[in-house]
Amino acid sequence: MPVCPCAPERGISLRAIYSLAVSAAGLVALGLVWGQVSVIERARTDLFDVYQVLRPRTPDPEMPVRIVDIDDVSIATLGQWPWPRSEMARMVRKVLDAGAAVIAFDIAFAEPDRTAGDALLKRVPEGPGREALRQALADDPGPDAAFADAIAAAPVVMGVVLTQTATGPAEIPERAGFAFAGDDPRPFIPAFEGALLPIPALTAAAAGFGAVNWLPDQDQIVRRVPLFVRRGTQLVPSLAAESLRIAQGASTFVIKGSNASGETGFGARTGVTAVRIGAIDAETGANGDLRVRYRKSDPRLFIPFWRVVSDDYDARELEGRVVLVGTSAAGLLDMRATPLDAAVPGVDVHAQIIENLLAGIRLVRPDWAPGAERAAGVVLAIALALLLARAGPVGGALIGGAATLGIFAASWLAFDRQGLLLDPIAPWLPASAVYLSGTIALYWSEQRQRKWVREAFGRFVSPAVIERLVSDPDRLVLGGEERTLTVMFSDLRNFTTITEPMDPQELTSFMNRYFTPMTDLVLKSSGTIDKYIGDAIVAFWNAPLDDRDHARHAAEAVLGMFEALKAFNDVLRGEAAAKGRTFVEVRAGIGLATGPCSVGNFGSAQHFDYSAMGDTVNLASRLEGATRAYRVPVLADERTAALAPGYAWIEVDLTQVKGRTAVSRLFTLVGDEEFAASAAFAAARTAHAALLDDYRAGRFLPAAEAAAALARTGLPGLSGLYALYEERCRTFAISPPAVFDGVTRLDSK
């Protein structure tokens, strides 16, 4: 509905309320987006992951990248890892003979071969045998030297690991030059303190060095990879970047930064914008990182190591290709998570980086994206606020839905067609906040303009009752009628102890969370909420609509309320543990009474409530109070129990409650109709009846013993009642009352 220019009642105008609501919601949402709140950032990242899942890159077996895989089968075939470096040398020679353009190791050979002669001699005790072994190994250059010779004869990139501790040599040997266009990029490149290099013989022989470091996000998913890392002022290319440089025979990396020719930086140093590797140009993030457009892991790219050294493969698979050497073996722990896979070999990620660079695939978040997204959010929020005021909630929903579809469709098309990552959440969130707040304001105005019947009754009767009363407003007159009602009083125990540590907001939340399920159960069972008194709930059945089974429905609601209370306590227990608070169990007492009441609209012509009055209401209140004395959760009068005979009722006592002269036979409710029909309940009720017979006959010691036994083996929830009977009977056995008629007279409410 359109916004009404006038207020339906007194107070601030609806137009002002609407404007305030949409403005506040829009500003809060824009603040969340502009403030780069972590939840928004995470949602944006997850959405971009979904895009990749929906449209992964298509695997292309013709791409010039292959992986020599140290897999589980290779380890089973060639023996325990690490293998002698002579095996690595043999593999390098075979790959070189196959015509590979470059061989890159995703492995750090930072320690000498354990099968080398020196290592073997250390394990042989002194004696003639050791001397003979030394002489036999005197002319053996060793597996590391053989590996170094193989590396020196081939275009090989060795993996290096940069660390956050100052370890390793002062300088990493440089095999490539760096040229900068624009601002110096080094302050923006990820920095490390130390480096773990291959052993000196392998370092001297290598044609290049590539960092194998990952910089995963907080969830350990690799989305962006640095093409360069830095140690001090020295730049080190990644394994993928160095492999492509050597494969092309290039000598220099060109790194383009802000304020370079063709870049509009307005003097601001904003970081890296692009890199050139030989003939390959790639857009990057400000830190010189590359967002990888992933494909699913493709087994066609993997050639097991054992097949290569056994010549059991098609050598043409390696001709002219970039060959990466890495591992997929589970025990070697080189697995990484990507947006598409929970675990893939790390070497496969290097391969996908090379594929992205070779194919010119870009997946970038342009520097103008945040500003454009925020501007779109402002425009959409303002437009939707104006349209919603005219079109109403339904029209606004259609407009908002169309805008949402348009925003997300544009983001998807930008990703799918151009490789651009444009965040639809940034404009969608303010627009949605404006729509929701505006709709709520409009709905609130509509409710204020409805008939006062709904406002008067919508809080405490079921929808069916509301509709009947709305259709017959003549029923809503001052005064009432006499009806037989089942009335319920429910009150919380130790309320002050529970709520003492709560601030006002926590207390409000606590009461709402407690009242809501309890109210739902009353309404679901055809009951009517009379009122809330502090933490107490007053309800009744059989008005304003007729309900022949009002007592049974009340019993059904009470059992449901105690089940809901258990669930509520479970939630509170967890919250208390999380906040380091002592958990205090929430318990309730309920009184039920059935009898004649005056029910109707009581109050004045200006304000009235639909309520019940009479002695039955007072009795229900007294019975709720008596639950404390009898240590049971619920007490009902005899008429309530008689009108719901299928339920599991246990007689408690003959009682004269405070303020009444009549004696009431009281019952407690221990189960539903199914439990009432069980053999266990029949046996427990028989034993309980025997206890009451002994007690009322003045046989106090037998009654005390029976109560003690029932406390151990009787019905759940009645241990407190049996403890009370045992205490009472033992006291009477020692000091019998002058006159005993079996009636308990309570002197407190």
# chains A, B, ... in the order shown; residues from 1 in each chain; ligands from 1
$ select_by_dssp --residues "range 220-384 of chain A" --states "alpha helix (DSSP H)" --output "number ranges by chain"
A: 239-248, 305-309, 346-359, 369-384
$ write_last_selection --atoms "C-alpha atoms" --output "short mmCIF file (atom, residue, chain, number, x, y, z; two decimals), in the first residue's frame"
data_model
loop_
_atom_site.label_atom_id
_atom_site.label_comp_id
_atom_site.auth_asym_id
_atom_site.auth_seq_id
_atom_site.Cartn_x
_atom_site.Cartn_y
_atom_site.Cartn_z
CA LEU A 239 57.78 -21.80 -9.67
CA ALA A 240 55.20 -21.20 -12.41
CA ALA A 241 56.61 -17.81 -13.43
CA GLU A 242 60.21 -19.04 -13.55
CA SER A 243 59.22 -22.15 -15.51
CA LEU A 244 57.55 -20.01 -18.18
CA ARG A 245 60.52 -17.63 -18.34
CA ILE A 246 62.99 -20.45 -18.98
CA ALA A 247 60.63 -22.25 -21.37
CA GLN A 248 60.55 -19.08 -23.50
CA PHE A 305 57.14 -41.29 -12.07
CA TRP A 306 57.68 -45.03 -12.37
CA ARG A 307 56.36 -45.02 -15.93
CA VAL A 308 58.81 -42.29 -16.95
CA VAL A 309 61.89 -44.07 -15.60
CA GLY A 346 49.97 -28.83 -4.84
CA VAL A 347 51.81 -29.46 -8.09
CA ASP A 348 48.44 -29.45 -9.89
CA VAL A 349 47.82 -25.90 -8.67
CA HIS A 350 51.21 -24.84 -10.12
CA ALA A 351 50.16 -26.47 -13.39
CA GLN A 352 46.86 -24.57 -13.40
CA ILE A 353 48.68 -21.28 -12.82
CA ILE A 354 50.85 -21.96 -15.87
CA GLU A 355 47.75 -22.86 -17.90
CA ASN A 356 46.06 -19.60 -16.88
CA LEU A 357 49.12 -17.60 -17.93
CA LEU A 358 49.59 -19.45 -21.22
CA ALA A 359 45.92 -19.20 -22.22
CA ALA A 369 34.89 -2.37 -8.76
CA PRO A 370 34.41 -1.28 -5.10
CA GLY A 371 33.48 2.27 -6.08
CA ALA A 372 31.07 1.13 -8.78
CA GLU A 373 29.46 -1.41 -6.44
CA ARG A 374 28.93 1.19 -3.71
CA ALA A 375 27.50 3.70 -6.15
CA ALA A 376 25.11 1.05 -7.49
CA GLY A 377 24.06 0.27 -3.92
CA VAL A 378 23.24 3.92 -3.20
CA VAL A 379 21.29 4.36 -6.44
CA LEU A 380 19.31 1.14 -6.02
CA ALA A 381 18.52 1.87 -2.37
CA ILE A 382 17.19 5.34 -3.13
CA ALA A 383 15.22 4.13 -6.17
CA LEU A 384 13.68 1.26 -4.24
#
$ closest_atom_pairs --of "range 248-321 of chain A" --to "range 157-181 of chain A" --cutoff "12 Å" --atoms "only C-alpha atoms" --output "CSV"
residue,atom,partner,partner_atom,distance
A:Gly249,CA,A:Ala176,CA,10.6
A:Ala250,CA,A:Ala176,CA,8.4
A:Ser251,CA,A:Ala176,CA,5.4
A:Thr252,CA,A:Gly177,CA,4.4
A:Phe253,CA,A:Phe178,CA,4.8
A:Val254,CA,A:Ala179,CA,4.7
A:Ile255,CA,A:Phe180,CA,5.0
A:Lys256,CA,A:Ala181,CA,4.6
A:Gly257,CA,A:Ala181,CA,6.0
A:Ser258,CA,A:Ala181,CA,8.3
A:Asn259,CA,A:Ala181,CA,8.3
A:Ala260,CA,A:Ala181,CA,5.4
A:Ser261,CA,A:Ala181,CA,7.6
A:Gly262,CA,A:Ala181,CA,10.4
A:Glu263,CA,A:Ala181,CA,10.2
A:Gly271,CA,A:Ala181,CA,11.3
A:Val272,CA,A:Ala181,CA,9.6
A:Thr273,CA,A:Ala181,CA,10.0
A:Ala274,CA,A:Ala181,CA,9.7
A:Val275,CA,A:Phe180,CA,9.3
A:Arg276,CA,A:Ala179,CA,9.7
A:Ile277,CA,A:Phe178,CA,10.3
A:Gly278,CA,A:Ala176,CA,11.4
$ write_last_selection --atoms "N, CA and C atoms" --output "compact mmCIF listing (two decimals), in the first residue's frame"
# COMPACT_ATOMS: atom_id res chain seq x y z
N GLY A 249 62.92 -18.90 -22.99
CA GLY A 249 64.26 -18.37 -23.20
C GLY A 249 64.37 -16.90 -22.86
N ALA A 250 63.48 -16.39 -22.04
CA ALA A 250 63.51 -14.98 -21.65
C ALA A 250 64.53 -14.78 -20.53
N SER A 251 65.01 -13.56 -20.41
CA SER A 251 66.02 -13.27 -19.39
C SER A 251 65.51 -12.36 -18.28
N THR A 252 64.35 -11.69 -18.52
CA THR A 252 63.92 -10.64 -17.59
C THR A 252 62.41 -10.70 -17.36
N PHE A 253 62.03 -10.41 -16.13
CA PHE A 253 60.62 -10.19 -15.79
C PHE A 253 60.36 -8.69 -15.79
N VAL A 254 59.23 -8.30 -16.35
CA VAL A 254 58.83 -6.90 -16.31
C VAL A 254 57.60 -6.79 -15.40
N ILE A 255 57.71 -5.96 -14.39
CA ILE A 255 56.62 -5.78 -13.43
C ILE A 255 56.11 -4.36 -13.56
N LYS A 256 54.84 -4.25 -13.87
CA LYS A 256 54.21 -2.95 -14.08
C LYS A 256 53.45 -2.55 -12.83
N GLY A 257 53.72 -1.35 -12.33
CA GLY A 257 53.07 -0.88 -11.12
C GLY A 257 52.24 0.36 -11.37
N SER A 258 51.72 0.92 -10.30
CA SER A 258 50.92 2.14 -10.41
C SER A 258 51.76 3.29 -10.96
N ASN A 259 51.06 4.20 -11.65
CA ASN A 259 51.67 5.38 -12.26
C ASN A 259 52.63 5.06 -13.39
N ALA A 260 52.52 3.83 -13.94
CA ALA A 260 53.29 3.51 -15.14
C ALA A 260 52.62 4.16 -16.33
N SER A 261 53.29 4.09 -17.46
CA SER A 261 52.72 4.66 -18.68
C SER A 261 51.40 3.97 -18.99
N GLY A 262 50.36 4.76 -19.19
CA GLY A 262 49.04 4.20 -19.49
C GLY A 262 48.23 3.92 -18.25
N GLU A 263 48.80 4.10 -17.06
CA GLU A 263 48.07 3.88 -15.81
C GLU A 263 47.71 5.23 -15.20
N GLY A 271 50.25 -0.23 -5.98
CA GLY A 271 50.76 -1.58 -6.11
C GLY A 271 50.93 -2.03 -7.54
N VAL A 272 51.00 -3.36 -7.70
CA VAL A 272 51.26 -3.97 -9.00
C VAL A 272 49.97 -4.03 -9.79
N THR A 273 50.08 -3.85 -11.12
CA THR A 273 48.91 -3.97 -11.99
C THR A 273 49.05 -5.09 -13.01
N ALA A 274 50.29 -5.40 -13.44
CA ALA A 274 50.47 -6.44 -14.45
C ALA A 274 51.93 -6.88 -14.45
N VAL A 275 52.19 -8.05 -15.04
CA VAL A 275 53.56 -8.55 -15.21
C VAL A 275 53.69 -9.08 -16.64
N ARG A 276 54.94 -9.09 -17.11
CA ARG A 276 55.24 -9.69 -18.41
C ARG A 276 56.34 -10.73 -18.20
N ILE A 277 56.04 -11.94 -18.70
CA ILE A 277 57.00 -13.05 -18.63
C ILE A 277 57.27 -13.46 -20.07
N GLY A 278 58.38 -13.01 -20.62
CA GLY A 278 58.63 -13.27 -22.04
C GLY A 278 57.56 -12.59 -22.87
$ residues_around --residues "Asp149 in chain A" --least-positions-apart "4" --cutoff "8 Å" --atoms "only C-alpha atoms" --output "ChimeraX atom specification"
/A:89,145,153,205
$ residues_around --residues "range 660-673 of chain A" --least-positions-apart "2" --cutoff "8 Å" --atoms "only C-alpha atoms" --output "PyMOL selection string"
chain A and resi 555-556+559+632-638+641+646-658+675-677+715-717+743
$ residues_around --residues "Phe415 in chain A" --least-positions-apart "3" --cutoff "10 Å" --atoms "only C-alpha atoms" --output "short mmCIF file (atom, residue, chain, number, x, y, z; two decimals) with N, CA, C and O atoms, in the first residue's frame"
data_model
loop_
_atom_site.label_atom_id
_atom_site.label_comp_id
_atom_site.auth_asym_id
_atom_site.auth_seq_id
_atom_site.Cartn_x
_atom_site.Cartn_y
_atom_site.Cartn_z
N PHE A 48 32.09 -15.86 -5.15
CA PHE A 48 33.00 -16.04 -6.27
C PHE A 48 33.42 -17.50 -6.41
O PHE A 48 33.64 -17.99 -7.52
N TYR A 51 30.69 -19.23 -8.26
CA TYR A 51 30.80 -19.00 -9.70
C TYR A 51 31.74 -20.01 -10.35
O TYR A 51 31.45 -20.56 -11.43
N GLN A 52 32.87 -20.25 -9.71
CA GLN A 52 33.83 -21.21 -10.28
C GLN A 52 33.27 -22.62 -10.26
O GLN A 52 33.51 -23.41 -11.19
N ARG A 55 30.78 -22.77 -13.16
CA ARG A 55 31.38 -22.71 -14.48
C ARG A 55 32.89 -22.88 -14.35
O ARG A 55 33.66 -21.93 -14.52
N ARG A 362 42.03 -14.49 -17.61
CA ARG A 362 42.11 -13.53 -16.53
C ARG A 362 40.91 -13.70 -15.61
O ARG A 362 39.80 -13.99 -16.05
N LEU A 363 41.18 -13.55 -14.35
CA LEU A 363 40.13 -13.54 -13.34
C LEU A 363 40.54 -12.45 -12.36
O LEU A 363 41.37 -12.68 -11.47
N VAL A 364 40.02 -11.27 -12.57
CA VAL A 364 40.51 -10.12 -11.83
C VAL A 364 39.35 -9.39 -11.17
O VAL A 364 38.21 -9.42 -11.65
N ARG A 365 39.68 -8.75 -10.08
CA ARG A 365 38.74 -7.83 -9.44
C ARG A 365 39.30 -6.43 -9.69
O ARG A 365 40.26 -6.01 -9.02
N ALA A 409 22.69 -11.31 -12.11
CA ALA A 409 22.91 -11.70 -13.50
C ALA A 409 24.08 -10.92 -14.09
O ALA A 409 24.93 -11.49 -14.81
N ALA A 410 24.15 -9.63 -13.81
CA ALA A 410 25.26 -8.82 -14.32
C ALA A 410 26.59 -9.30 -13.75
O ALA A 410 27.60 -9.39 -14.47
N SER A 411 26.59 -9.64 -12.46
CA SER A 411 27.83 -10.14 -11.84
C SER A 411 28.25 -11.47 -12.48
O SER A 411 29.43 -11.68 -12.78
N TRP A 412 27.28 -12.36 -12.71
CA TRP A 412 27.59 -13.65 -13.31
C TRP A 412 28.11 -13.49 -14.73
O TRP A 412 29.11 -14.14 -15.12
N GLN A 418 33.85 -12.03 -19.15
CA GLN A 418 35.03 -11.17 -19.12
C GLN A 418 36.05 -11.54 -18.05
O GLN A 418 37.12 -10.92 -17.99
N GLY A 419 35.73 -12.51 -17.20
CA GLY A 419 36.67 -12.85 -16.14
C GLY A 419 36.78 -11.78 -15.07
O GLY A 419 37.79 -11.67 -14.39
N LEU A 420 35.72 -10.96 -14.91
CA LEU A 420 35.71 -9.90 -13.91
C LEU A 420 34.93 -10.35 -12.68
O LEU A 420 33.86 -10.96 -12.80
N LEU A 421 35.46 -10.04 -11.52
CA LEU A 421 34.80 -10.38 -10.26
C LEU A 421 34.15 -9.12 -9.71
O LEU A 421 34.80 -8.29 -9.06
N LEU A 422 32.87 -8.97 -9.99
CA LEU A 422 32.09 -7.84 -9.50
C LEU A 422 31.12 -8.35 -8.44
O LEU A 422 30.36 -9.29 -8.68
#
$ atom_distance --atom1 "CA of Gly742 in chain A" --atom2 "CA of Ala683 in chain A"
23.6 Å
$ atom_distance --atom1 "CA of Thr627 in chain A" --atom2 "CA of Ile590 in chain A"
7.3 Å
$ closest_residue --among "A:Leu386, A:Leu507, A:Phe515, A:Leu290" --to "Gly360 in chain A" --atoms "only C-alpha atoms"
A:Leu290
$ atom_distance --atom1 "CA of Asp311 in chain A" --atom2 "CA of Ile107 in chain A"
22.5 Å
$ residues_around --residues "range 522-530 of chain A" --least-positions-apart "2" --cutoff "10 Å" --atoms "only C-alpha atoms" --output "ChimeraX atom specification"
/A:457,459-465,486-489,517-520,532-533,537-547,549-550,552-558,560-561,609-612
$ residues_around --residues "Ile151 in chain A" --least-positions-apart "2" --cutoff "12 Å" --atoms "only C-alpha atoms" --output "count of residues only"
35
